[in-house]
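Colleague: For reference, the file data21.cif (mmCIF, C-alpha atoms) is included below:
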data_target
#
loop_
_atom_site.group_PDB
_atom_site.id
_atom_site.type_symbol
_atom_site.label_atom_id
_atom_site.label_comp_id
_atom_site.auth_asym_id
_atom_site.auth_seq_id
_atom_site.Cartn_x
_atom_site.Cartn_y
_atom_site.Cartn_z
ATOM 1 C CA MET A 297 0.000 0.000 0.000
ATOM 2 C CA GLN A 298 1.228 3.489 -0.866
ATOM 3 C CA ILE A 299 1.254 6.404 1.597
ATOM 4 C CA LEU A 300 1.467 10.112 0.801
ATOM 5 C CA VAL A 301 3.742 12.114 3.096
ATOM 6 C CA ALA A 302 2.870 15.809 2.742
ATOM 7 C CA ASP A 303 5.067 18.146 4.788
ATOM 8 C CA ASP A 304 7.116 21.227 3.938
ATOM 9 C CA GLU A 305 10.045 20.043 6.122
ATOM 10 C CA ARG A 306 12.303 17.958 3.894
ATOM 11 C CA SER A 307 14.112 16.334 6.825
ATOM 12 C CA LEU A 308 10.823 15.154 8.340
ATOM 13 C CA ARG A 309 9.651 13.773 4.998
ATOM 14 C CA LEU A 310 12.891 11.787 4.738
ATOM 15 C CA ILE A 311 12.525 10.383 8.266
ATOM 16 C CA LEU A 312 8.895 9.400 7.670
ATOM 17 C CA SER A 313 9.530 7.877 4.240
ATOM 18 C CA LYS A 314 12.449 5.832 5.556
ATOM 19 C CA ALA A 315 10.361 4.495 8.451
ATOM 20 C CA LEU A 316 7.366 3.732 6.235
ATOM 21 C CA ARG A 317 9.473 1.812 3.723
ATOM 22 C CA LYS A 318 10.986 -0.172 6.582
ATOM 23 C CA TRP A 319 7.439 -1.094 7.666
ATOM 24 C CA GLY A 320 6.614 -2.346 4.171
ATOM 25 C CA TYR A 321 4.825 0.672 2.677
ATOM 26 C CA ASP A 322 5.586 2.529 -0.549
ATOM 27 C CA THR A 323 5.769 6.305 -0.245
ATOM 28 C CA VAL A 324 5.274 9.419 -2.328
ATOM 29 C CA GLU A 325 6.170 12.881 -1.037
ATOM 30 C CA ALA A 326 4.684 16.359 -1.381
ATOM 31 C CA GLU A 327 6.284 19.557 -0.088
ATOM 32 C CA ASN A 328 3.170 21.754 -0.159
ATOM 33 C CA GLY A 329 -0.604 21.514 -0.123
ATOM 34 C CA GLU A 330 -1.126 22.072 -3.845
ATOM 35 C CA GLU A 331 1.266 19.250 -4.703
ATOM 36 C CA ALA A 332 -0.456 16.966 -2.171
ATOM 37 C CA PHE A 333 -3.897 17.734 -3.615
ATOM 38 C CA SER A 334 -2.641 17.071 -7.160
ATOM 39 C CA ILE A 335 -1.217 13.683 -6.126
ATOM 40 C CA LEU A 336 -4.508 12.737 -4.486
ATOM 41 C CA ASN A 337 -6.312 13.453 -7.756
ATOM 42 C CA LEU A 338 -4.213 11.018 -9.777
ATOM 43 C CA GLU A 339 -5.871 7.913 -11.242
ATOM 44 C CA ASN A 340 -4.494 5.599 -8.528
ATOM 45 C CA PRO A 341 -3.608 7.843 -5.589
ATOM 46 C CA PRO A 342 -2.176 6.786 -2.212
ATOM 47 C CA MET A 343 -5.073 5.849 0.070
ATOM 48 C CA ILE A 344 -3.341 6.769 3.345
ATOM 49 C CA VAL A 345 -2.217 10.371 3.812
ATOM 50 C CA ILE A 346 0.072 11.868 6.440
ATOM 51 C CA LEU A 347 -0.829 15.526 6.101
ATOM 52 C CA ASP A 348 0.933 18.447 7.776
ATOM 53 C CA TRP A 349 -1.312 21.275 8.929
ATOM 54 C CA MET A 350 1.009 24.209 8.223
ATOM 55 C CA MET A 351 2.207 24.113 4.591
ATOM 56 C CA PRO A 352 2.764 26.755 1.893
ATOM 57 C CA ARG A 353 0.452 27.335 -1.109
ATOM 58 C CA MET A 354 -2.384 25.386 0.525
ATOM 59 C CA ASP A 355 -2.493 24.383 4.183
ATOM 60 C CA GLY A 356 -3.601 20.987 5.446
ATOM 61 C CA ILE A 357 -7.095 22.138 6.419
ATOM 62 C CA GLU A 358 -7.752 23.499 2.911
ATOM 63 C CA VAL A 359 -6.505 20.223 1.404
ATOM 64 C CA LEU A 360 -8.873 18.349 3.734
ATOM 65 C CA ARG A 361 -11.853 20.473 2.703
ATOM 66 C CA LYS A 362 -11.166 19.965 -0.995
ATOM 67 C CA ILE A 363 -10.660 16.214 -0.609
ATOM 68 C CA ARG A 364 -13.766 15.663 1.486
ATOM 69 C CA ALA A 365 -15.847 17.733 -0.953
ATOM 70 C CA GLU A 366 -15.173 15.092 -3.610
ATOM 71 C CA ASP A 367 -17.400 12.052 -3.994
ATOM 72 C CA ARG A 368 -15.026 9.096 -3.665
ATOM 73 C CA GLU A 369 -15.965 5.441 -3.709
ATOM 74 C CA ILE A 370 -13.258 4.640 -1.155
ATOM 75 C CA PRO A 371 -12.315 7.581 1.099
ATOM 76 C CA PHE A 372 -8.734 8.462 1.945
ATOM 77 C CA TYR A 373 -7.532 7.758 5.462
ATOM 78 C CA ILE A 374 -5.935 11.033 6.598
ATOM 79 C CA ILE A 375 -3.685 11.531 9.606
ATOM 80 C CA MET A 376 -3.127 15.202 10.473
ATOM 81 C CA LEU A 377 0.420 15.859 11.644
ATOM 82 C CA THR A 378 1.066 19.207 13.340
ATOM 83 C CA SER A 379 2.644 21.102 16.184
ATOM 84 C CA LYS A 380 -0.789 22.482 17.075
ATOM 85 C CA ASN A 381 -1.969 20.557 20.117
ATOM 86 C CA GLU A 382 -4.734 22.674 21.633
ATOM 87 C CA LYS A 383 -8.017 20.822 21.997
ATOM 88 C CA ALA A 384 -9.744 23.382 19.753
ATOM 89 C CA ASP A 385 -7.194 22.669 16.996
ATOM 90 C CA ILE A 386 -7.707 18.925 17.289
ATOM 91 C CA ILE A 387 -11.485 19.375 17.071
ATOM 92 C CA GLU A 388 -11.134 21.636 14.012
ATOM 93 C CA GLY A 389 -8.940 19.112 12.204
ATOM 94 C CA LEU A 390 -11.298 16.230 12.930
ATOM 95 C CA ASN A 391 -14.361 18.281 11.977
ATOM 96 C CA GLU A 392 -12.799 19.115 8.616
ATOM 97 C CA GLY A 393 -12.423 15.429 7.829
ATOM 98 C CA ALA A 394 -9.197 14.148 9.388
ATOM 99 C CA ASP A 395 -9.463 10.520 10.495
ATOM 100 C CA ASP A 396 -6.699 10.775 13.072
ATOM 101 C CA TYR A 397 -4.423 13.351 14.647
ATOM 102 C CA LEU A 398 -0.790 13.179 15.745
ATOM 103 C CA ALA A 399 1.035 16.083 17.397
ATOM 104 C CA LYS A 400 4.697 16.874 16.777
ATOM 105 C CA PRO A 401 7.051 15.680 18.101
ATOM 106 C CA PHE A 402 5.614 12.207 17.664
ATOM 107 C CA ASP A 403 6.666 8.690 18.506
ATOM 108 C CA LEU A 404 7.335 6.468 15.458
ATOM 109 C CA GLY A 405 5.823 3.465 17.230
ATOM 110 C CA GLU A 406 2.584 5.358 17.797
ATOM 111 C CA LEU A 407 2.575 6.531 14.164
ATOM 112 C CA ARG A 408 3.031 2.954 12.950
ATOM 113 C CA ALA A 409 0.083 1.765 15.039
ATOM 114 C CA ARG A 410 -2.150 4.538 13.696
ATOM 115 C CA ILE A 411 -1.108 3.811 10.102
ATOM 116 C CA ASN A 412 -1.806 0.108 10.562
ATOM 117 C CA SER A 413 -5.248 1.034 11.869
ATOM 118 C CA GLY A 414 -5.802 3.228 8.806
ATOM 119 C CA LYS A 415 -4.703 0.404 6.510
ATOM 120 C CA ARG A 416 -7.301 -1.933 8.042
ATOM 121 C CA ILE A 417 -10.031 0.691 7.558
ATOM 122 C CA VAL A 418 -9.065 1.354 3.912
ATOM 123 C CA GLU A 419 -9.004 -2.393 3.201
ATOM 124 C CA LEU A 420 -12.403 -2.803 4.871
ATOM 125 C CA HIS A 421 -13.858 -0.008 2.710
ATOM 126 C CA LYS A 422 -12.441 -1.719 -0.380
ATOM 127 C CA GLU A 423 -13.956 -5.064 0.622
ATOM 128 C CA LEU A 424 -17.352 -3.399 1.153
ATOM 129 C CA VAL A 425 -17.197 -1.680 -2.254
ATOM 130 C CA ASP A 426 -16.150 -4.928 -3.963
ATOM 131 C CA SER A 427 -18.991 -6.820 -2.231
ATOM 132 C CA LYS A 428 -21.480 -4.137 -3.281
ATOM 133 C CA LYS A 429 -20.306 -4.316 -6.912
ATOM 134 C CA LYS A 430 -20.500 -8.114 -6.875
ATOM 135 C CA LEU A 431 -24.031 -8.004 -5.454
ATOM 136 C CA GLU A 432 -25.101 -5.392 -8.025
ATOM 137 C CA TYR A 433 -23.670 -7.555 -10.813
ATOM 138 C CA GLN A 434 -25.534 -10.607 -9.525
ATOM 139 C CA LEU A 435 -28.795 -8.652 -9.376
ATOM 140 C CA GLU A 436 -28.324 -7.283 -12.893
ATOM 141 C CA HIS A 437 -27.075 -10.462 -14.597
ATOM 142 C CA ASP A 438 -28.354 -13.963 -15.202
ATOM 143 C CA VAL A 439 -26.148 -16.430 -13.316
ATOM 144 C CA LEU A 440 -26.000 -19.028 -16.098
ATOM 145 C CA THR A 441 -25.477 -16.905 -19.216
ATOM 146 C CA GLY A 442 -23.991 -13.677 -17.859
ATOM 147 C CA LEU A 443 -26.588 -11.685 -19.832
ATOM 148 C CA TYR A 444 -28.931 -9.234 -18.136
ATOM 149 C CA SER A 445 -31.404 -10.769 -15.683
ATOM 150 C CA ARG A 446 -35.146 -10.642 -16.305
ATOM 151 C CA ARG A 447 -35.574 -7.874 -13.750
ATOM 152 C CA PHE A 448 -32.823 -5.707 -15.220
ATOM 153 C CA ILE A 449 -33.720 -6.180 -18.909
ATOM 154 C CA MET A 450 -37.308 -5.181 -18.054
ATOM 155 C CA GLU A 451 -35.958 -2.056 -16.339
ATOM 156 C CA LYS A 452 -33.976 -1.354 -19.521
ATOM 157 C CA LEU A 453 -37.179 -1.743 -21.543
ATOM 158 C CA ASN A 454 -39.003 0.775 -19.374
ATOM 159 C CA ARG A 455 -36.084 3.208 -19.652
ATOM 160 C CA GLU A 456 -36.074 2.786 -23.427
ATOM 161 C CA ILE A 457 -39.815 3.552 -23.513
ATOM 162 C CA ALA A 458 -39.226 6.715 -21.457
ATOM 163 C CA ARG A 459 -36.371 7.755 -23.747
ATOM 164 C CA SER A 460 -38.504 7.225 -26.847
ATOM 165 C CA GLN A 461 -41.311 9.289 -25.333
ATOM 166 C CA ARG A 462 -38.859 12.158 -24.790
ATOM 167 C CA THR A 463 -37.105 11.996 -28.152
ATOM 168 C CA GLY A 464 -39.752 10.573 -30.473
ATOM 169 C CA SER A 465 -37.437 7.719 -31.466
ATOM 170 C CA SER A 466 -38.473 4.090 -31.792
ATOM 171 C CA PHE A 467 -36.998 0.692 -31.089
ATOM 172 C CA ALA A 468 -37.612 -2.993 -31.711
ATOM 173 C CA VAL A 469 -38.152 -5.681 -29.079
ATOM 174 C CA ALA A 470 -37.649 -9.365 -29.826
ATOM 175 C CA ILE A 471 -38.369 -12.496 -27.817
ATOM 176 C CA CYS A 472 -36.055 -15.339 -28.862
ATOM 177 C CA ASP A 473 -36.998 -18.893 -27.927
ATOM 178 C CA ILE A 474 -34.782 -21.939 -28.555
ATOM 179 C CA ASP A 475 -36.774 -24.489 -30.530
ATOM 180 C CA HIS A 476 -37.445 -27.915 -28.957
ATOM 181 C CA PHE A 477 -35.323 -27.090 -25.924
ATOM 182 C CA LYS A 478 -37.102 -29.698 -23.798
ATOM 183 C CA LYS A 479 -36.038 -32.344 -26.309
ATOM 184 C CA ILE A 480 -32.404 -31.216 -25.912
ATOM 185 C CA ASN A 481 -32.658 -31.624 -22.138
ATOM 186 C CA ASP A 482 -34.375 -35.001 -22.461
ATOM 187 C CA SER A 483 -31.899 -36.328 -25.038
ATOM 188 C CA TYR A 484 -28.610 -34.941 -23.747
ATOM 189 C CA GLY A 485 -29.291 -34.049 -20.099
ATOM 190 C CA HIS A 486 -29.713 -30.792 -18.210
ATOM 191 C CA GLN A 487 -25.985 -30.119 -18.092
ATOM 192 C CA ALA A 488 -25.918 -30.108 -21.886
ATOM 193 C CA GLY A 489 -29.000 -27.901 -21.801
ATOM 194 C CA ASP A 490 -27.100 -25.381 -19.677
ATOM 195 C CA ILE A 491 -24.245 -25.416 -22.192
ATOM 196 C CA VAL A 492 -26.732 -24.740 -24.994
ATOM 197 C CA LEU A 493 -28.199 -21.783 -23.086
ATOM 198 C CA ARG A 494 -24.752 -20.309 -22.451
ATOM 199 C CA GLU A 495 -23.697 -20.736 -26.088
ATOM 200 C CA PHE A 496 -26.949 -19.237 -27.320
ATOM 201 C CA GLY A 497 -26.341 -16.286 -24.989
ATOM 202 C CA LYS A 498 -22.887 -15.838 -26.546
ATOM 203 C CA ILE A 499 -24.413 -15.801 -30.034
ATOM 204 C CA LEU A 500 -26.851 -13.082 -28.991
ATOM 205 C CA GLU A 501 -24.163 -11.050 -27.248
ATOM 206 C CA GLY A 502 -21.794 -11.441 -30.191
ATOM 207 C CA ASN A 503 -24.295 -10.127 -32.724
ATOM 208 C CA ILE A 504 -25.776 -7.100 -30.990
ATOM 209 C CA ARG A 505 -24.464 -3.558 -31.319
ATOM 210 C CA GLU A 506 -23.091 -1.491 -28.443
ATOM 211 C CA TYR A 507 -26.413 0.315 -27.978
ATOM 212 C CA ASP A 508 -28.532 -2.877 -28.001
ATOM 213 C CA SER A 509 -29.471 -4.848 -24.882
ATOM 214 C CA VAL A 510 -30.178 -8.535 -24.328
ATOM 215 C CA GLY A 511 -31.268 -10.528 -21.285
ATOM 216 C CA ARG A 512 -32.651 -13.881 -20.291
ATOM 217 C CA ILE A 513 -36.276 -13.631 -19.204
ATOM 218 C CA GLY A 514 -36.831 -17.249 -18.246
ATOM 219 C CA GLY A 515 -36.011 -20.808 -19.292
ATOM 220 C CA GLU A 516 -34.960 -20.757 -22.932
ATOM 221 C CA GLU A 517 -36.458 -17.317 -23.661
ATOM 222 C CA PHE A 518 -34.360 -14.205 -24.231
ATOM 223 C CA LEU A 519 -35.320 -10.559 -24.780
ATOM 224 C CA MET A 520 -33.544 -8.196 -27.174
ATOM 225 C CA ILE A 521 -33.993 -4.412 -27.233
ATOM 226 C CA THR A 522 -32.648 -2.654 -30.325
ATOM 227 C CA PRO A 523 -33.010 1.127 -30.855
ATOM 228 C CA LEU A 524 -33.948 1.831 -34.489
ATOM 229 C CA LYS A 525 -31.219 3.545 -36.497
ATOM 230 C CA ASN A 526 -32.132 1.951 -39.803
ATOM 231 C CA GLU A 527 -35.103 -0.402 -39.887
ATOM 232 C CA GLU A 528 -33.553 -2.640 -42.521
ATOM 233 C CA ASP A 529 -30.515 -3.122 -40.286
ATOM 234 C CA GLU A 530 -32.732 -4.174 -37.389
ATOM 235 C CA ILE A 531 -34.548 -6.722 -39.569
ATOM 236 C CA SER A 532 -31.229 -8.151 -40.766
ATOM 237 C CA LEU A 533 -29.960 -8.286 -37.155
ATOM 238 C CA PHE A 534 -32.666 -10.741 -36.111
ATOM 239 C CA GLU A 535 -32.265 -12.797 -39.258
ATOM 240 C CA ARG A 536 -28.511 -12.896 -38.686
ATOM 241 C CA VAL A 537 -29.042 -14.262 -35.173
ATOM 242 C CA ARG A 538 -31.449 -16.908 -36.488
ATOM 243 C CA SER A 539 -28.983 -17.953 -39.193
ATOM 244 C CA LYS A 540 -26.024 -18.097 -36.783
ATOM 245 C CA VAL A 541 -27.960 -20.401 -34.481
ATOM 246 C CA GLU A 542 -29.136 -22.664 -37.309
ATOM 247 C CA ASN A 543 -25.640 -23.049 -38.770
ATOM 248 C CA GLY A 544 -23.814 -23.497 -35.481
ATOM 249 C CA ARG A 545 -22.864 -26.668 -33.625
ATOM 250 C CA ILE A 546 -22.434 -26.909 -29.879
ATOM 251 C CA ALA A 547 -20.020 -29.450 -28.412
ATOM 252 C CA VAL A 548 -21.241 -31.361 -25.355
ATOM 253 C CA GLU A 549 -19.863 -34.434 -23.617
ATOM 254 C CA SER A 550 -21.975 -36.841 -25.668
ATOM 255 C CA GLY A 551 -21.391 -35.196 -29.061
ATOM 256 C CA GLU A 552 -22.529 -32.134 -30.983
ATOM 257 C CA ILE A 553 -25.898 -30.436 -30.761
ATOM 258 C CA SER A 554 -27.543 -28.419 -33.501
ATOM 259 C CA MET A 555 -30.493 -26.159 -32.759
ATOM 260 C CA THR A 556 -32.724 -23.463 -34.173
ATOM 261 C CA VAL A 557 -34.450 -20.427 -32.719
ATOM 262 C CA SER A 558 -37.788 -18.739 -33.264
ATOM 263 C CA ILE A 559 -37.953 -14.960 -32.895
ATOM 264 C CA GLY A 560 -40.974 -12.719 -32.428
ATOM 265 C CA VAL A 561 -40.428 -9.003 -32.996
ATOM 266 C CA THR A 562 -42.498 -5.914 -32.331
ATOM 267 C CA PHE A 563 -41.852 -2.178 -32.601
ATOM 268 C CA TYR A 564 -42.462 0.562 -30.079
ATOM 269 C CA GLU A 565 -45.141 3.077 -30.953
ATOM 270 C CA THR A 566 -46.299 6.024 -28.854
ATOM 271 C CA GLY A 567 -48.670 4.943 -26.104
ATOM 272 C CA LYS A 568 -47.424 1.367 -25.752
ATOM 273 C CA ASN A 569 -46.272 0.236 -22.320
ATOM 274 C CA SER A 570 -43.964 -2.672 -21.536
ATOM 275 C CA ASP A 571 -46.839 -5.131 -21.050
ATOM 276 C CA LYS A 572 -48.254 -4.299 -24.488
ATOM 277 C CA ILE A 573 -44.827 -4.596 -26.117
ATOM 278 C CA ILE A 574 -44.118 -7.983 -24.521
ATOM 279 C CA PHE A 575 -47.606 -9.182 -25.470
ATOM 280 C CA GLU A 576 -47.079 -8.248 -29.137
ATOM 281 C CA ALA A 577 -43.589 -9.801 -29.294
ATOM 282 C CA ASP A 578 -44.886 -12.957 -27.600
ATOM 283 C CA LYS A 579 -47.770 -13.154 -30.069
ATOM 284 C CA ALA A 580 -45.327 -12.862 -32.982
ATOM 285 C CA LEU A 581 -43.214 -15.605 -31.373
ATOM 286 C CA TYR A 582 -46.311 -17.818 -31.107
ATOM 287 C CA ILE A 583 -46.890 -17.385 -34.839
ATOM 288 C CA ALA A 584 -43.234 -18.220 -35.544
ATOM 289 C CA LYS A 585 -43.520 -21.412 -33.484
ATOM 290 C CA ASN A 586 -46.777 -22.485 -35.093
ATOM 291 C CA SER A 587 -45.672 -21.796 -38.651
ATOM 292 C CA GLY A 588 -42.698 -24.141 -38.615
ATOM 293 C CA ARG A 589 -40.196 -22.641 -36.134
ATOM 294 C CA ASN A 590 -36.698 -21.438 -37.092
ATOM 295 C CA ARG A 591 -37.987 -18.108 -38.357
ATOM 296 C CA VAL A 592 -38.395 -14.426 -37.537
ATOM 297 C CA VAL A 593 -41.918 -12.986 -37.399
ATOM 298 C CA PHE A 594 -42.619 -9.255 -37.080
ATOM 299 C CA SER A 595 -45.792 -8.237 -35.266
ATOM 300 C CA LYS A 596 -46.581 -5.417 -37.709
ATOM 301 C CA ASN A 597 -46.588 -8.017 -40.511
ATOM 302 C CA GLN A 598 -48.314 -10.832 -38.670
ATOM 303 C CA GLU A 599 -51.078 -11.252 -41.189
ATOM 304 C CA GLU A 600 -48.520 -11.365 -43.992
ATOM 305 C CA ASN A 601 -46.308 -13.877 -42.163
ATOM 306 C CA SER A 602 -48.998 -16.171 -40.789
#
How does this structure look as structure tokens?
Modeller:
Amino acid sequence: MQILVADDERSLRLILSKALRKWGYDTVEAENGEEAFSILNLENPPMIVILDWMMPRMDGIEVLRKIRAEDREIPFYIIMLTSKNEKADIIEGLNEGADDYLAKPFDLGELRARINSGKRIVELHKELVDSKKKLEYQLEHDVLTGLYSRRFIMEKLNREIARSQRTGSSFAVAICDIDHFKKINDSYGHQAGDIVLREFGKILEGNIREYDSVGRIGGEEFLMITPLKNEEDEISLFERVRSKVENGRIAVESGEISMTVSIGVTFYETGKNSDKIIFEADKALYIAKNSGRNRVVFSKNQEENS
């Protein structure tokens, strides 16, 4: 772990840096407040700061105020180091955001103990942030395929509806259903079925554009949301997915599996809510299934395609 030593006394910086390196820490030095603040705004700054109160160009209190005004995922652990030792000074430093306070002259053993305490707190903050990110990922993504979960893809659909209402744009929604998936499970086993679902998810993810979204909404059904840039491109996107699935082979323990997919597509129009959109896409999917499977059916052309 790296520690910033910010003090205008060069001799003190040298003493501190030497001790910190002996204790297993990396150090970076600053001789004034502006330099310290600049270092703390680097991409990967030191997370523990030994900050002198009285420094030129920006004192320690001003550095504290600026740092604490920023919204940081993991806060710095800041130890104020100063010759000021009146109770009012200590209170001021702590109120401005210092985590700890050490008066000069100080004992190196005491400093080491306080730094070790700060290290534990920084590491705990990092663990909490990592756990939060992991939980958020699990809530947003399907465990098996890594695509968006049903809950999150439906949230994306509602956000896309709101965006279209603001901008007047449109988008397509498709429900993709693997044909005869039960037969795959019955013939090859559920483990093979899981492999098929993961590989199908990869095909979907590999064929969408950066502004498209795809998620698993249950079983062998997947939802695609594609903002309309060029309608012909959107039509070819779904056909490309269908063709990729039909022409692919998936290796499982007992051999290779071929499969097909049926896709029902609808288009957003002003006034439609998510329930109406899903209903129309599901109806188009029903037509695709009942007219031979392995095809794309568009809800606005249902009569033509049925």
Colleague: Given the file shown, determine the residues that the PyMOL selection byres ((chain A and resi 323) around 9) selects; report them as a PyMOL selection string.
Modeller: chain A and resi 297-301+313-314+316-317+321-322+324-325+342
Colleague: With C-alpha atoms retained, write the just-selected residues as a short mmCIF file (atom, residue, chain, number, x, y, z; two decimals), in the coordinates of the input.
Modeller:
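File part-v3.cif, as written:
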data_model
loop_
_atom_site.label_atom_id
_atom_site.label_comp_id
_atom_site.auth_asym_id
_atom_site.auth_seq_id
_atom_site.Cartn_x
_atom_site.Cartn_y
_atom_site.Cartn_z
CA MET A 297 0.00 0.00 0.00
CA GLN A 298 1.23 3.49 -0.87
CA ILE A 299 1.25 6.40 1.60
CA LEU A 300 1.47 10.11 0.80
CA VAL A 301 3.74 12.11 3.10
CA SER A 313 9.53 7.88 4.24
CA LYS A 314 12.45 5.83 5.56
CA LEU A 316 7.37 3.73 6.24
CA ARG A 317 9.47 1.81 3.72
CA TYR A 321 4.82 0.67 2.68
CA ASP A 322 5.59 2.53 -0.55
CA VAL A 324 5.27 9.42 -2.33
CA GLU A 325 6.17 12.88 -1.04
CA PRO A 342 -2.18 6.79 -2.21
#
Colleague: When the PyMOL selection byres ((chain A and resi 415) around 12) is applied to the file above, which residues end up in the set, as a ChimeraX atom specification?
Modeller: /A:297-299,320-321,342-345,371-375,395,408-414,416-422
Colleague: For the contact check between segment 416-473 of chain A and segment 483-498 of chain A, emit one row per residue of segment 416-473 of chain A within 10 Å, containing the shortest atom pair and the distance in Å rounded to one decimal, counting only C-alpha atoms, chain then rising number order, as JSON lines.
Modeller:
{"residue": "A:Leu440", "atom": "CA", "partner": "A:Arg494", "partner_atom": "CA", "distance": 6.6}
{"residue": "A:Thr441", "atom": "CA", "partner": "A:Arg494", "partner_atom": "CA", "distance": 4.8}
{"residue": "A:Gly442", "atom": "CA", "partner": "A:Gly497", "partner_atom": "CA", "distance": 7.9}
{"residue": "A:Leu443", "atom": "CA", "partner": "A:Gly497", "partner_atom": "CA", "distance": 6.9}
Colleague: Using all atoms listed in the file, which protein or nucleic acid residues come within 12 Å of Asn586 of chain A? Drop anything in the same chain fewer than 5 positions from it, and give the result as a VMD selection string.
Modeller: chain A and resid 475 558 to 560 579 to 581 591 to 593 601 to 602
Colleague: Got a sec to resolve the PyMOL selection byres ((chain A and resi 358-362) around 12) on this structure and send the residues as a PyMOL selection string?
Modeller: chain A and resi 302+328-337+345-357+363-368+371-376+388-395
Colleague: Could those residues be written to a file, using C-alpha atoms, as a short mmCIF file (atom, residue, chain, number, x, y, z; two decimals), in the coordinates of the input?
Modeller:
data_model
loop_
_atom_site.label_atom_id
_atom_site.label_comp_id
_atom_site.auth_asym_id
_atom_site.auth_seq_id
_atom_site.Cartn_x
_atom_site.Cartn_y
_atom_site.Cartn_z
CA ALA A 302 2.87 15.81 2.74
CA ASN A 328 3.17 21.75 -0.16
CA GLY A 329 -0.60 21.51 -0.12
CA GLU A 330 -1.13 22.07 -3.84
CA GLU A 331 1.27 19.25 -4.70
CA ALA A 332 -0.46 16.97 -2.17
CA PHE A 333 -3.90 17.73 -3.62
CA SER A 334 -2.64 17.07 -7.16
CA ILE A 335 -1.22 13.68 -6.13
CA LEU A 336 -4.51 12.74 -4.49
CA ASN A 337 -6.31 13.45 -7.76
CA VAL A 345 -2.22 10.37 3.81
CA ILE A 346 0.07 11.87 6.44
CA LEU A 347 -0.83 15.53 6.10
CA ASP A 348 0.93 18.45 7.78
CA TRP A 349 -1.31 21.28 8.93
CA MET A 350 1.01 24.21 8.22
CA MET A 351 2.21 24.11 4.59
CA PRO A 352 2.76 26.76 1.89
CA ARG A 353 0.45 27.34 -1.11
CA MET A 354 -2.38 25.39 0.52
CA ASP A 355 -2.49 24.38 4.18
CA GLY A 356 -3.60 20.99 5.45
CA ILE A 357 -7.10 22.14 6.42
CA ILE A 363 -10.66 16.21 -0.61
CA ARG A 364 -13.77 15.66 1.49
CA ALA A 365 -15.85 17.73 -0.95
CA GLU A 366 -15.17 15.09 -3.61
CA ASP A 367 -17.40 12.05 -3.99
CA ARG A 368 -15.03 9.10 -3.66
CA PRO A 371 -12.32 7.58 1.10
CA PHE A 372 -8.73 8.46 1.94
CA TYR A 373 -7.53 7.76 5.46
CA ILE A 374 -5.94 11.03 6.60
CA ILE A 375 -3.68 11.53 9.61
CA MET A 376 -3.13 15.20 10.47
CA GLU A 388 -11.13 21.64 14.01
CA GLY A 389 -8.94 19.11 12.20
CA LEU A 390 -11.30 16.23 12.93
CA ASN A 391 -14.36 18.28 11.98
CA GLU A 392 -12.80 19.11 8.62
CA GLY A 393 -12.42 15.43 7.83
CA ALA A 394 -9.20 14.15 9.39
CA ASP A 395 -9.46 10.52 10.50
#
